[in-house]
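> If you scroll down you'll find the structure; I have some questions about it.
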Amino acid sequence: MIEISASAQTYLQGLLSKQDDDDVSIRIFVSQPGTPQAETCIAYCRPGEEQDGDIAVEYAGFRAWFEGRSEAYLEDAQVDYQEDQMGGQLTIKAPNARVPKVGPDAPLEDRINYVLYNEINPGLAAHGGMVSLVEVTPESKAVLQFGGGCQGCSAVDITLKSSVETTLLEQVPELTGVIDHTDHTVTENAYYS
């Protein structure tokens, strides 16, 4: 489900040892799972605060509770702790928090969103852009909406054809094409004018 590195386990154990209650554990969950606003959270969990369906995992010196309904969104997640000049930083990487890993039998929209959020949008984010699925037409074309630095960008046609469409057609073979539904007359945030 989720991998907690040895350094993160040591850090979390240290935090928990400073709590007044000896039985405090941690609870890991995804708030707003399956949406672009999804966030993976770690919180203190006092005895009795765990919820029905939570999954308990014992680590050296502490217990972690994983929210049962977040299980699919926590798949392949990693928690790590790295020391730095400011002391250190606990990081959580959950690649499936916004869209869980989907298999070939998942609905077409879920497979398209998975590719958009996990493969295409990270590259577009370098230019402050993103793309989302509006709908799938009866002809199996993905209707897309660009935002951020991609809306009104003069290079959006190149991005659409050479990156977005190519990747989607490779990853989701049922698609016959993509349609850009964006109003590109709005150019105030465009990466290239």
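Here, A, B, ... name the chains of the structure tokens in the order displayed, residue numbers run from 1 inside each chain, and ligands are numbered from 1 in the same displayed order.
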Please return, as a list in words, all residues of region 59-157 of chain A that DSSP assigns to alpha helix (DSSP H) on the basis of the backbone.

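In region 59-157 of chain A, DSSP puts these residues in alpha helix (DSSP H): Glu71, Ala72, Tyr73, Leu74, Leu108, Glu109, Asp110, Arg111, Ile112, Asn113, Tyr114, Val115, Asn121, Pro122, Gly123, Leu124, Val156 and Asp157 of chain A.
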
> Could you name the residues that touch Val57 (chain A) at 12 Å or less, counting only C-alpha atoms, but leaving out those on the same chain fewer than 2 positions away, as a list in words?

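Using only C-alpha atoms, the neighbours found are Met1, Ile2, Glu3, Ile4, Ser25, Ile26, Arg27, Ile28, Asp54, Ile55, Tyr59, Ala60, Gly61, Phe62, Arg63, Ala64, Trp65, Phe66 and Glu67 of chain A.
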
> Got a sec: who's within 9 Å of region 34-37 of chain A, counting only C-alpha atoms, leaving out chain neighbours fewer than 5 positions off, as a short mmCIF file (atom, residue, chain, number, x, y, z; two decimals) with N, CA and C atoms, in the first residue's frame?


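So the final result, stored in out-v6.cif, reads:
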```cif
data_model
loop_
_atom_site.label_atom_id
_atom_site.label_comp_id
_atom_site.auth_asym_id
_atom_site.auth_seq_id
_atom_site.Cartn_x
_atom_site.Cartn_y
_atom_site.Cartn_z
N TYR A 73 -6.12 4.96 -3.39
CA TYR A 73 -5.42 6.22 -3.67
C TYR A 73 -4.03 6.26 -3.05
N ASN A 96 -1.18 8.16 -6.98
CA ASN A 96 -2.56 7.76 -7.30
C ASN A 96 -3.61 8.51 -6.48
N ALA A 97 -3.20 9.56 -5.75
CA ALA A 97 -4.14 10.27 -4.88
C ALA A 97 -5.23 10.98 -5.68
N ARG A 98 -4.85 11.56 -6.80
CA ARG A 98 -5.84 12.30 -7.59
C ARG A 98 -6.66 11.38 -8.48
N VAL A 99 -6.02 10.40 -9.02
CA VAL A 99 -6.71 9.39 -9.83
C VAL A 99 -6.03 8.07 -9.52
N PRO A 100 -6.77 7.10 -8.97
CA PRO A 100 -6.12 5.85 -8.62
C PRO A 100 -5.66 5.10 -9.86
N TYR A 117 -3.55 13.15 -15.58
CA TYR A 117 -3.04 13.60 -14.30
C TYR A 117 -1.66 13.06 -13.96
#
```

> With region 122-140 of chain A as the partner and 9 Å as the cut-off, tabulate the residues of region 157-186 of chain A that qualify, each row holding the nearest pair of atoms and their distance in Å to one decimal, using only C-alpha atoms, sorted by chain and rising number, as CSV.


```
residue,atom,partner,partner_atom,distance
A:Thr159,CA,A:Leu124,CA,8.9
A:Val164,CA,A:Val131,CA,8.8
A:Glu174,CA,A:Ser140,CA,6.9
A:Leu175,CA,A:Ser140,CA,5.1
A:Thr176,CA,A:Ser140,CA,5.6
A:Gly177,CA,A:Ser140,CA,7.3
A:Val178,CA,A:Ser140,CA,8.7
A:His181,CA,A:Val134,CA,8.1
```

> Using the selection just defined, write its residues with N, CA and C atoms as a PDB file, in the first residue's frame.


```pdb
ATOM      1  N   THR A 159       1.561  21.424 -28.663  1.00  0.00           N
ATOM      2  CA  THR A 159       1.415  20.633 -27.434  1.00  0.00           C
ATOM      3  C   THR A 159       0.302  19.606 -27.597  1.00  0.00           C
ATOM      4  N   VAL A 164       0.019  15.699 -26.083  1.00  0.00           N
ATOM      5  CA  VAL A 164      -1.217  15.231 -25.459  1.00  0.00           C
ATOM      6  C   VAL A 164      -1.895  14.152 -26.292  1.00  0.00           C
ATOM      7  N   GLU A 174      -8.614   2.929 -27.434  1.00  0.00           N
ATOM      8  CA  GLU A 174     -10.008   3.085 -27.883  1.00  0.00           C
ATOM      9  C   GLU A 174     -10.305   4.490 -28.393  1.00  0.00           C
ATOM     10  N   LEU A 175      -9.478   5.468 -28.004  1.00  0.00           N
ATOM     11  CA  LEU A 175      -9.693   6.843 -28.459  1.00  0.00           C
ATOM     12  C   LEU A 175      -9.385   6.966 -29.944  1.00  0.00           C
ATOM     13  N   THR A 176     -10.178   7.787 -30.620  1.00  0.00           N
ATOM     14  CA  THR A 176      -9.941   8.038 -32.049  1.00  0.00           C
ATOM     15  C   THR A 176      -9.318   9.405 -32.281  1.00  0.00           C
ATOM     16  N   GLY A 177      -9.256  10.243 -31.255  1.00  0.00           N
ATOM     17  CA  GLY A 177      -8.665  11.561 -31.387  1.00  0.00           C
ATOM     18  C   GLY A 177      -8.993  12.428 -30.193  1.00  0.00           C
ATOM     19  N   VAL A 178      -8.515  13.668 -30.241  1.00  0.00           N
ATOM     20  CA  VAL A 178      -8.794  14.632 -29.183  1.00  0.00           C
ATOM     21  C   VAL A 178      -9.321  15.920 -29.805  1.00  0.00           C
ATOM     22  N   HIS A 181     -11.333  22.099 -26.527  1.00  0.00           N
ATOM     23  CA  HIS A 181     -12.566  22.838 -26.251  1.00  0.00           C
ATOM     24  C   HIS A 181     -12.274  24.175 -25.567  1.00  0.00           C
TER      25      HIS A 181
END
```

> What gap, in Å, lies between CA of Pro173 (chain A) and CA of Pro33 (chain A)?

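So the answer is 26.4 Å.
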
> Please report, as number ranges by chain, each residue of region 24-165 of chain A to which DSSP assigns strand (DSSP E or B) when run on this structure's backbone.

A: 25-31, 39-45, 55-59, 62-66, 77-82, 89-93, 129-136, 141-148

> Hey, what's within 12 Å of region 5-14 of chain A if we count only C-alpha atoms and toss same-chain stuff fewer than 5 positions away? As a VMD selection string, please?

chain A and resid 19 22 to 27 42 to 44 58 to 64 77 to 83 87 to 93

> Considering only C-alpha atoms, state which residue in the set A:Pro95, A:Gly103, A:Gly68, A:Gly147 is at the smallest distance from Phe29 (chain A).

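Closest candidate: A:Gly68.
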
> Between A:Gly149, A:Asp20, A:Thr185, A:Val172, which residue has the minimum interatomic distance to Arg46 (chain A), considering only C-alpha atoms?

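Under the stated criterion, the closest residue is A:Asp20.
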